[in-house]
file model_17.pdb (PDB, N, CA and C atoms)
ATOM      1  N   MET A 215      99.572 143.782 201.029
ATOM      2  CA  MET A 215      99.178 145.118 201.454
ATOM      3  C   MET A 215      99.503 146.139 200.367
ATOM      4  N   LYS A 216     100.682 145.973 199.741
ATOM      5  CA  LYS A 216     101.084 146.913 198.715
ATOM      6  C   LYS A 216     100.174 146.800 197.491
ATOM      7  N   ARG A 217      99.746 145.576 197.185
ATOM      8  CA  ARG A 217      98.860 145.369 196.047
ATOM      9  C   ARG A 217      97.507 146.027 196.304
ATOM     10  N   ASN A 218      96.984 145.908 197.515
ATOM     11  CA  ASN A 218      95.703 146.536 197.854
ATOM     12  C   ASN A 218      95.789 148.050 197.733
ATOM     13  N   LEU A 219      96.897 148.609 198.155
ATOM     14  CA  LEU A 219      97.092 150.050 198.058
ATOM     15  C   LEU A 219      97.173 150.484 196.600
ATOM     16  N   THR A 220      97.815 149.688 195.780
ATOM     17  CA  THR A 220      97.921 150.001 194.357
ATOM     18  C   THR A 220      96.551 149.951 193.692
ATOM     19  N   VAL A 221      95.778 148.946 194.011
ATOM     20  CA  VAL A 221      94.439 148.825 193.432
ATOM     21  C   VAL A 221      93.561 149.987 193.891
ATOM     22  N   ALA A 222      93.641 150.355 195.161
ATOM     23  CA  ALA A 222      92.848 151.473 195.672
ATOM     24  C   ALA A 222      93.251 152.785 195.006
ATOM     25  N   ALA A 223      94.540 152.987 194.809
ATOM     26  CA  ALA A 223      95.004 154.209 194.154
ATOM     27  C   ALA A 223      94.557 154.249 192.699
ATOM     28  N   LEU A 224      94.626 153.127 192.012
ATOM     29  CA  LEU A 224      94.182 153.062 190.617
ATOM     30  C   LEU A 224      92.688 153.335 190.509
ATOM     31  N   PHE A 225      91.914 152.796 191.443
ATOM     32  CA  PHE A 225      90.476 153.038 191.464
ATOM     33  C   PHE A 225      90.186 154.525 191.707
ATOM     34  N   ALA A 226      90.885 155.131 192.646
ATOM     35  CA  ALA A 226      90.661 156.547 192.958
ATOM     36  C   ALA A 226      91.011 157.432 191.765
ATOM     37  N   VAL A 227      92.094 157.127 191.094
ATOM     38  CA  VAL A 227      92.493 157.922 189.926
ATOM     39  C   VAL A 227      91.474 157.767 188.811
ATOM     40  N   SER A 228      90.992 156.543 188.582
ATOM     41  CA  SER A 228      90.000 156.345 187.525
ATOM     42  C   SER A 228      88.700 157.073 187.846
ATOM     43  N   MET A 229      88.308 157.111 189.113
ATOM     44  CA  MET A 229      87.099 157.853 189.484
ATOM     45  C   MET A 229      87.286 159.353 189.262
ATOM     46  N   LEU A 230      88.465 159.857 189.529
ATOM     47  CA  LEU A 230      88.720 161.277 189.291
ATOM     48  C   LEU A 230      88.722 161.607 187.809
ATOM     49  N   VAL A 231      89.237 160.686 186.998
ATOM     50  CA  VAL A 231      89.304 160.929 185.555
ATOM     51  C   VAL A 231      87.911 160.910 184.936
ATOM     52  N   PHE A 232      87.074 159.945 185.337
ATOM     53  CA  PHE A 232      85.779 159.787 184.708
ATOM     54  C   PHE A 232      84.687 160.639 185.358
ATOM     55  N   ALA A 233      84.953 161.291 186.463
ATOM     56  CA  ALA A 233      83.931 162.105 187.123
ATOM     57  C   ALA A 233      83.556 163.314 186.277
ATOM     58  N   SER A 234      84.508 163.888 185.568
ATOM     59  CA  SER A 234      84.201 165.063 184.768
ATOM     60  C   SER A 234      83.241 164.735 183.637
ATOM     61  N   THR A 235      83.380 163.556 183.032
ATOM     62  CA  THR A 235      82.446 163.202 181.959
ATOM     63  C   THR A 235      81.078 162.841 182.511
ATOM     64  N   ALA A 236      81.018 162.354 183.732
ATOM     65  CA  ALA A 236      79.725 161.999 184.316
ATOM     66  C   ALA A 236      78.903 163.244 184.625
ATOM     67  N   PHE A 237      79.555 164.325 185.005
ATOM     68  CA  PHE A 237      78.834 165.535 185.364
ATOM     69  C   PHE A 237      78.780 166.555 184.236
ATOM     70  N   ALA A 238      79.341 166.232 183.086
ATOM     71  CA  ALA A 238      79.284 167.148 181.952
ATOM     72  C   ALA A 238      77.868 167.156 181.404
ATOM     73  N   GLY A 239      77.354 168.321 181.164
ATOM     74  CA  GLY A 239      75.981 168.434 180.660
ATOM     75  C   GLY A 239      75.941 169.337 179.457
ATOM     76  N   ASP A 240      74.932 169.117 178.632
ATOM     77  CA  ASP A 240      74.777 169.968 177.465
ATOM     78  C   ASP A 240      73.777 171.095 177.712
ATOM     79  N   GLY A 241      73.230 171.172 178.898
ATOM     80  CA  GLY A 241      72.306 172.237 179.236
ATOM     81  C   GLY A 241      70.880 171.960 178.819
ATOM     82  N   ALA A 242      70.592 170.753 178.421
ATOM     83  CA  ALA A 242      69.235 170.423 177.984
ATOM     84  C   ALA A 242      68.308 170.340 179.188
ATOM     85  N   ALA A 243      67.057 170.719 178.970
ATOM     86  CA  ALA A 243      66.089 170.688 180.058
ATOM     87  C   ALA A 243      65.514 169.295 180.265
ATOM     88  N   ASP A 244      65.578 168.449 179.238
ATOM     89  CA  ASP A 244      65.011 167.101 179.315
ATOM     90  C   ASP A 244      66.046 166.155 179.917
ATOM     91  N   ASN A 245      65.712 165.591 181.067
ATOM     92  CA  ASN A 245      66.635 164.693 181.758
ATOM     93  C   ASN A 245      66.304 163.228 181.534
ATOM     94  N   THR A 246      65.484 162.916 180.536
ATOM     95  CA  THR A 246      65.086 161.532 180.294
ATOM     96  C   THR A 246      66.282 160.667 179.948
ATOM     97  N   ASN A 247      67.151 161.156 179.088
ATOM     98  CA  ASN A 247      68.328 160.372 178.703
ATOM     99  C   ASN A 247      69.279 160.188 179.873
ATOM    100  N   THR A 248      69.383 161.187 180.732
ATOM    101  CA  THR A 248      70.259 161.072 181.890
ATOM    102  C   THR A 248      69.749 160.010 182.853
ATOM    103  N   VAL A 249      68.462 160.011 183.127
ATOM    104  CA  VAL A 249      67.874 159.024 184.024
ATOM    105  C   VAL A 249      67.996 157.631 183.427
ATOM    106  N   ALA A 250      67.739 157.512 182.132
ATOM    107  CA  ALA A 250      67.861 156.214 181.471
ATOM    108  C   ALA A 250      69.314 155.736 181.510
ATOM    109  N   GLY A 251      70.243 156.645 181.361
ATOM    110  CA  GLY A 251      71.656 156.278 181.444
ATOM    111  C   GLY A 251      72.041 155.789 182.830
ATOM    112  N   TYR A 252      71.540 156.479 183.840
ATOM    113  CA  TYR A 252      71.830 156.056 185.212
ATOM    114  C   TYR A 252      71.185 154.704 185.528
ATOM    115  N   LEU A 253      69.986 154.475 185.013
ATOM    116  CA  LEU A 253      69.338 153.185 185.224
ATOM    117  C   LEU A 253      70.110 152.065 184.529
ATOM    118  N   ALA A 254      70.579 152.336 183.322
ATOM    119  CA  ALA A 254      71.368 151.332 182.601
ATOM    120  C   ALA A 254      72.674 151.044 183.330
ATOM    121  N   MET A 255      73.300 152.094 183.850
ATOM    122  CA  MET A 255      74.543 151.914 184.589
ATOM    123  C   MET A 255      74.293 151.126 185.880
ATOM    124  N   ALA A 256      73.191 151.420 186.557
ATOM    125  CA  ALA A 256      72.864 150.701 187.790
ATOM    126  C   ALA A 256      72.596 149.235 187.511
ATOM    127  N   ALA A 257      71.874 148.946 186.426
ATOM    128  CA  ALA A 257      71.582 147.553 186.082
ATOM    129  C   ALA A 257      72.861 146.804 185.747
ATOM    130  N   GLY A 258      73.717 147.407 184.947
ATOM    131  CA  GLY A 258      74.957 146.745 184.553
ATOM    132  C   GLY A 258      75.915 146.547 185.710
ATOM    133  N   LEU A 259      76.114 147.589 186.492
ATOM    134  CA  LEU A 259      77.027 147.480 187.632
ATOM    135  C   LEU A 259      76.490 146.531 188.694
ATOM    136  N   GLY A 260      75.191 146.602 188.952
ATOM    137  CA  GLY A 260      74.598 145.716 189.955
ATOM    138  C   GLY A 260      74.717 144.258 189.572
ATOM    139  N   LEU A 261      74.439 143.963 188.320
ATOM    140  CA  LEU A 261      74.532 142.580 187.864
ATOM    141  C   LEU A 261      75.980 142.109 187.836
ATOM    142  N   GLY A 262      76.878 142.980 187.416
ATOM    143  CA  GLY A 262      78.294 142.612 187.395
ATOM    144  C   GLY A 262      78.858 142.351 188.781
ATOM    145  N   LEU A 263      78.519 143.217 189.726
ATOM    146  CA  LEU A 263      78.989 143.024 191.095
ATOM    147  C   LEU A 263      78.384 141.781 191.732
ATOM    148  N   ALA A 264      77.103 141.533 191.456
ATOM    149  CA  ALA A 264      76.463 140.346 192.008
ATOM    150  C   ALA A 264      77.078 139.076 191.437
ATOM    151  N   ALA A 265      77.357 139.079 190.133
ATOM    152  CA  ALA A 265      77.962 137.900 189.515
ATOM    153  C   ALA A 265      79.374 137.668 190.046
ATOM    154  N   ALA A 266      80.132 138.748 190.222
ATOM    155  CA  ALA A 266      81.488 138.601 190.755
ATOM    156  C   ALA A 266      81.454 138.111 192.202
ATOM    157  N   GLY A 267      80.575 138.693 193.001
ATOM    158  CA  GLY A 267      80.460 138.255 194.393
ATOM    159  C   GLY A 267      79.971 136.826 194.506
ATOM    160  N   GLY A 268      79.012 136.449 193.656
ATOM    161  CA  GLY A 268      78.515 135.081 193.656
ATOM    162  C   GLY A 268      79.591 134.084 193.251
ATOM    163  N   ALA A 269      80.390 134.453 192.262
ATOM    164  CA  ALA A 269      81.470 133.566 191.825
ATOM    165  C   ALA A 269      82.516 133.381 192.918
ATOM    166  N   ILE A 270      82.847 134.456 193.606
ATOM    167  CA  ILE A 270      83.808 134.350 194.712
ATOM    168  C   ILE A 270      83.235 133.503 195.837
ATOM    169  N   GLY A 271      81.969 133.729 196.170
ATOM    170  CA  GLY A 271      81.327 132.950 197.230
ATOM    171  C   GLY A 271      81.223 131.477 196.892
ATOM    172  N   GLN A 272      80.860 131.177 195.653
ATOM    173  CA  GLN A 272      80.759 129.781 195.250
ATOM    174  C   GLN A 272      82.128 129.116 195.222
ATOM    175  N   GLY A 273      83.129 129.830 194.804
ATOM    176  CA  GLY A 273      84.474 129.272 194.794
ATOM    177  C   GLY A 273      84.966 128.943 196.193
ATOM    178  N   ARG A 274      84.707 129.863 197.109
ATOM    179  CA  ARG A 274      85.136 129.615 198.496
ATOM    180  C   ARG A 274      84.352 128.483 199.145
ATOM    181  N   ALA A 275      83.044 128.411 198.860
ATOM    182  CA  ALA A 275      82.232 127.331 199.432
ATOM    183  C   ALA A 275      82.678 125.978 198.896
ATOM    184  N   ALA A 276      82.917 125.903 197.600
ATOM    185  CA  ALA A 276      83.362 124.640 197.014
ATOM    186  C   ALA A 276      84.753 124.266 197.516
ATOM    187  N   ALA A 277      85.630 125.248 197.649
ATOM    188  CA  ALA A 277      86.980 124.966 198.150
ATOM    189  C   ALA A 277      86.934 124.447 199.583
ATOM    190  N   ALA A 278      86.097 125.051 200.416
ATOM    191  CA  ALA A 278      85.988 124.600 201.799
ATOM    192  C   ALA A 278      85.407 123.188 201.874
ATOM    193  N   ALA A 279      84.405 122.905 201.047
ATOM    194  CA  ALA A 279      83.812 121.560 201.053
ATOM    195  C   ALA A 279      84.809 120.526 200.554
ATOM    196  N   LEU A 280      85.527 120.847 199.500
ATOM    197  CA  LEU A 280      86.513 119.897 198.979
ATOM    198  C   LEU A 280      87.675 119.691 199.937
ATOM    199  N   GLU A 281      88.035 120.751 200.649
ATOM    200  CA  GLU A 281      89.090 120.600 201.659
ATOM    201  C   GLU A 281      88.614 119.686 202.790
ATOM    202  N   GLY A 282      87.356 119.852 203.192
ATOM    203  CA  GLY A 282      86.802 118.975 204.224
ATOM    204  C   GLY A 282      86.730 117.529 203.772
ATOM    205  N   ILE A 283      86.353 117.321 202.517
ATOM    206  CA  ILE A 283      86.297 115.968 201.983
ATOM    207  C   ILE A 283      87.704 115.387 201.865
ATOM    208  N   GLY A 284      88.659 116.232 201.508
ATOM    209  CA  GLY A 284      90.048 115.760 201.413
ATOM    210  C   GLY A 284      90.606 115.351 202.762
ATOM    211  N   ARG A 285      90.225 116.043 203.802
ATOM    212  CA  ARG A 285      90.709 115.690 205.144
ATOM    213  C   ARG A 285      90.009 114.458 205.706
ATOM    214  N   ASN A 286      88.722 114.321 205.367
ATOM    215  CA  ASN A 286      87.960 113.198 205.881
ATOM    216  C   ASN A 286      87.059 112.664 204.764
ATOM    217  N   PRO A 287      87.569 111.751 203.937
ATOM    218  CA  PRO A 287      86.776 111.259 202.806
ATOM    219  C   PRO A 287      85.486 110.552 203.217
ATOM    220  N   ALA A 288      85.423 110.042 204.423
ATOM    221  CA  ALA A 288      84.205 109.370 204.878
ATOM    222  C   ALA A 288      83.055 110.346 205.083
ATOM    223  N   ALA A 289      83.363 111.642 205.242
ATOM    224  CA  ALA A 289      82.326 112.652 205.486
ATOM    225  C   ALA A 289      81.814 113.283 204.198
ATOM    226  N   SER A 290      82.145 112.696 203.047
ATOM    227  CA  SER A 290      81.746 113.322 201.786
ATOM    228  C   SER A 290      80.225 113.349 201.619
ATOM    229  N   LYS A 291      79.538 112.311 202.102
ATOM    230  CA  LYS A 291      78.075 112.289 201.986
ATOM    231  C   LYS A 291      77.437 113.355 202.869
ATOM    232  N   GLU A 292      78.040 113.627 204.029
ATOM    233  CA  GLU A 292      77.491 114.645 204.938
ATOM    234  C   GLU A 292      77.791 116.059 204.452
ATOM    235  N   LEU A 293      78.844 116.229 203.687
ATOM    236  CA  LEU A 293      79.217 117.564 203.206
ATOM    237  C   LEU A 293      78.562 117.910 201.877
ATOM    238  N   PHE A 294      78.163 116.909 201.113
ATOM    239  CA  PHE A 294      77.668 117.153 199.761
ATOM    240  C   PHE A 294      76.352 117.945 199.756
ATOM    241  N   THR A 295      75.389 117.543 200.561
ATOM    242  CA  THR A 295      74.085 118.216 200.572
ATOM    243  C   THR A 295      74.166 119.658 201.076
ATOM    244  N   PRO A 296      74.850 119.930 202.188
ATOM    245  CA  PRO A 296      74.959 121.342 202.596
ATOM    246  C   PRO A 296      75.721 122.197 201.584
ATOM    247  N   MET A 297      76.713 121.591 200.897
ATOM    248  CA  MET A 297      77.445 122.352 199.888
ATOM    249  C   MET A 297      76.518 122.718 198.732
ATOM    250  N   LEU A 298      75.724 121.777 198.245
ATOM    251  CA  LEU A 298      74.794 122.078 197.154
ATOM    252  C   LEU A 298      73.750 123.108 197.576
ATOM    253  N   LEU A 299      73.278 123.017 198.800
ATOM    254  CA  LEU A 299      72.308 123.978 199.300
ATOM    255  C   LEU A 299      72.916 125.377 199.368
ATOM    256  N   SER A 300      74.131 125.476 199.861
ATOM    257  CA  SER A 300      74.773 126.788 199.945
ATOM    258  C   SER A 300      75.061 127.350 198.558
ATOM    259  N   LEU A 301      75.456 126.500 197.613
ATOM    260  CA  LEU A 301      75.690 126.981 196.247
ATOM    261  C   LEU A 301      74.389 127.467 195.614
ATOM    262  N   ALA A 302      73.293 126.784 195.879
ATOM    263  CA  ALA A 302      72.006 127.220 195.336
ATOM    264  C   ALA A 302      71.574 128.553 195.940
ATOM    265  N   LEU A 303      71.799 128.737 197.227
ATOM    266  CA  LEU A 303      71.430 130.008 197.863
ATOM    267  C   LEU A 303      72.298 131.155 197.367
ATOM    268  N   ILE A 304      73.570 130.880 197.155
ATOM    269  CA  ILE A 304      74.455 131.925 196.611
ATOM    270  C   ILE A 304      74.006 132.294 195.204
ATOM    271  N   GLU A 305      73.674 131.299 194.401
ATOM    272  CA  GLU A 305      73.247 131.567 193.030
ATOM    273  C   GLU A 305      71.902 132.285 193.001
ATOM    274  N   SER A 306      71.045 132.050 193.982
ATOM    275  CA  SER A 306      69.747 132.733 194.000
ATOM    276  C   SER A 306      69.921 134.238 194.167
ATOM    277  N   LEU A 307      70.935 134.659 194.893
ATOM    278  CA  LEU A 307      71.180 136.099 195.035
ATOM    279  C   LEU A 307      71.572 136.721 193.698
ATOM    280  N   VAL A 308      72.332 136.000 192.897
ATOM    281  CA  VAL A 308      72.699 136.500 191.572
ATOM    282  C   VAL A 308      71.467 136.551 190.670
ATOM    283  N   ILE A 309      70.596 135.566 190.787
ATOM    284  CA  ILE A 309      69.369 135.558 189.985
ATOM    285  C   ILE A 309      68.460 136.715 190.398
ATOM    286  N   TYR A 310      68.400 137.041 191.691
ATOM    287  CA  TYR A 310      67.622 138.200 192.138
ATOM    288  C   TYR A 310      68.149 139.482 191.504
ATOM    289  N   SER A 311      69.452 139.626 191.415
ATOM    290  CA  SER A 311      70.008 140.830 190.788
ATOM    291  C   SER A 311      69.712 140.842 189.294
ATOM    292  N   LEU A 312      69.647 139.662 188.657
ATOM    293  CA  LEU A 312      69.260 139.603 187.252
ATOM    294  C   LEU A 312      67.823 140.057 187.069
ATOM    295  N   VAL A 313      66.946 139.666 187.964
ATOM    296  CA  VAL A 313      65.546 140.105 187.902
ATOM    297  C   VAL A 313      65.461 141.616 188.079
ATOM    298  N   ILE A 314      66.223 142.155 189.006
ATOM    299  CA  ILE A 314      66.230 143.603 189.210
ATOM    300  C   ILE A 314      66.767 144.318 187.974
ATOM    301  N   ALA A 315      67.788 143.746 187.332
ATOM    302  CA  ALA A 315      68.313 144.341 186.097
ATOM    303  C   ALA A 315      67.255 144.327 185.002
ATOM    304  N   PHE A 316      66.458 143.257 184.909
ATOM    305  CA  PHE A 316      65.372 143.226 183.929
ATOM    306  C   PHE A 316      64.312 144.278 184.240
ATOM    307  N   ILE A 317      64.009 144.469 185.509
ATOM    308  CA  ILE A 317      63.035 145.492 185.902
ATOM    309  C   ILE A 317      63.548 146.882 185.523
ATOM    310  N   LEU A 318      64.810 147.143 185.797
ATOM    311  CA  LEU A 318      65.390 148.439 185.432
ATOM    312  C   LEU A 318      65.433 148.610 183.917
ATOM    313  N   SER A 319      65.665 147.522 183.199
ATOM    314  CA  SER A 319      65.656 147.589 181.741
ATOM    315  C   SER A 319      64.266 147.966 181.229
ATOM    316  N   GLY A 320      63.232 147.441 181.850
ATOM    317  CA  GLY A 320      61.873 147.818 181.481
ATOM    318  C   GLY A 320      61.592 149.286 181.753
ATOM    319  N   LYS A 321      62.158 149.801 182.840
ATOM    320  CA  LYS A 321      61.981 151.225 183.146
ATOM    321  C   LYS A 321      62.710 152.096 182.122
ATOM    322  N   ILE A 322      63.852 151.613 181.632
ATOM    323  CA  ILE A 322      64.577 152.352 180.590
ATOM    324  C   ILE A 322      63.735 152.415 179.331
ATOM    325  N   ASP A 323      63.122 151.287 178.963
ATOM    326  CA  ASP A 323      62.263 151.275 177.774
ATOM    327  C   ASP A 323      61.065 152.195 177.956
ATOM    328  N   ALA A 324      60.497 152.241 179.148
ATOM    329  CA  ALA A 324      59.351 153.112 179.411
ATOM    330  C   ALA A 324      59.754 154.588 179.318
ATOM    331  N   LEU A 325      60.969 154.903 179.748
ATOM    332  CA  LEU A 325      61.434 156.303 179.663
ATOM    333  C   LEU A 325      61.714 156.708 178.222
ATOM    334  N   ALA A 326      62.124 155.753 177.399
ATOM    335  CA  ALA A 326      62.460 156.075 176.018
ATOM    336  C   ALA A 326      61.212 156.377 175.189
ATOM    337  N   LYS A 327      60.062 155.870 175.618
ATOM    338  CA  LYS A 327      58.819 156.094 174.838
ATOM    339  C   LYS A 327      58.210 157.439 175.089
TER     340      LYS A 327
END
call {"tool": "encode", "arguments": {"input": "model_17.pdb", "output": "structure tokens"}}
result
Amino acid sequence: MKRNLTVAALFAVSMLVFASTAFAGDGAADNTNTVAGYLAMAAGLGLGLAAAGGAIGQGRAAAAALEGIGRNPAASKELFTPMLLSLALIESLVIYSLVIAFILSGKIDALAK
């Protein structure tokens, strides 16, 4: 509990520190660079969060399957196929976020032209 509170406090402080630079403007009328920056940030953060979530999900799925196999080695054939299917579905969500990041990257290139 104390660790969660520490992480939350550190996150809140970092958001307060970096908020001023996010809203700092030079007064320019052209917002193309700002939009491109936000798109780049969305692509990077989205892909990073998806990869982290996918890794956690795959780790937990594999751990649960291996624990089941450890408790009942005779059930390894019955657990193997559902485990592979679940790992493939978890990985497909990460691939979808990669596709979205590529789409956003294309929009950044279109804004730069």
call {"tool": "atom_distance", "arguments": {"input": "model_17.pdb", "atom1": "atom CA of Val313 of chain A", "atom2": "atom CA of Gly258 of chain A"}}
result
12.0 Å
call {"tool": "atom_distance", "arguments": {"input": "model_17.pdb", "atom1": "atom CA of Leu263 of chain A", "atom2": "atom CA of Asp323 of chain A"}}
result
22.9 Å
call {"tool": "residues_around", "arguments": {"input": "model_17.pdb", "residues": "segment 294-301 of chain A", "least_positions_apart": "2", "cutoff": "7 Å", "atoms": "only C-alpha atoms", "output": "PyMOL selection string"}}
result
chain A and resi 272+275-276+279+290-292+303-305
call {"tool": "write_last_selection", "arguments": {"input": "model_17.pdb", "atoms": "N, CA and C atoms", "output": "CSV table (one decimal), in the frame of the given file"}}
result
chain,number,residue,atom,x,y,z
A,272,GLN,N,80.9,131.2,195.7
A,272,GLN,CA,80.8,129.8,195.2
A,272,GLN,C,82.1,129.1,195.2
A,275,ALA,N,83.0,128.4,198.9
A,275,ALA,CA,82.2,127.3,199.4
A,275,ALA,C,82.7,126.0,198.9
A,276,ALA,N,82.9,125.9,197.6
A,276,ALA,CA,83.4,124.6,197.0
A,276,ALA,C,84.8,124.3,197.5
A,279,ALA,N,84.4,122.9,201.0
A,279,ALA,CA,83.8,121.6,201.1
A,279,ALA,C,84.8,120.5,200.6
A,290,SER,N,82.1,112.7,203.0
A,290,SER,CA,81.7,113.3,201.8
A,290,SER,C,80.2,113.3,201.6
A,291,LYS,N,79.5,112.3,202.1
A,291,LYS,CA,78.1,112.3,202.0
A,291,LYS,C,77.4,113.4,202.9
A,292,GLU,N,78.0,113.6,204.0
A,292,GLU,CA,77.5,114.6,204.9
A,292,GLU,C,77.8,116.1,204.5
A,303,LEU,N,71.8,128.7,197.2
A,303,LEU,CA,71.4,130.0,197.9
A,303,LEU,C,72.3,131.2,197.4
A,304,ILE,N,73.6,130.9,197.2
A,304,ILE,CA,74.5,131.9,196.6
A,304,ILE,C,74.0,132.3,195.2
A,305,GLU,N,73.7,131.3,194.4
A,305,GLU,CA,73.2,131.6,193.0
A,305,GLU,C,71.9,132.3,193.0
call {"tool": "closest_residue", "arguments": {"input": "model_17.pdb", "among": "A:Ser319, A:Arg217, A:Ala302, A:Arg274", "to": "Gly251 of chain A", "atoms": "only C-alpha atoms"}}
result
A:Ser319
call {"tool": "axis_aligned_box", "arguments": {"input": "model_17.pdb", "around": "segment 311-316 of chain A", "padding_each_side": "8 Å", "output": "lines of an AutoDock Vina configuration file"}}
result
center_x = 67.2
center_y = 142.0
center_z = 187.7
size_x = 21.7
size_y = 20.7
size_z = 23.5
call {"tool": "closest_residue", "arguments": {"input": "model_17.pdb", "among": "A:Leu219, A:Leu280, A:Ile317, A:Val308", "to": "Gly268 of chain A", "atoms": "only C-alpha atoms"}}
result
A:Val308
call {"tool": "atom_distance", "arguments": {"input": "model_17.pdb", "atom1": "atom N of Leu261 of chain A", "atom2": "atom CA of Ala326 of chain A"}}
result
21.0 Å
call {"tool": "residues_around", "arguments": {"input": "model_17.pdb", "residues": "Leu318 of chain A", "least_positions_apart": "6", "cutoff": "7 Å", "atoms": "all atoms listed in the file", "output": "PyMOL selection string"}}
result
chain A and resi 253-254+257
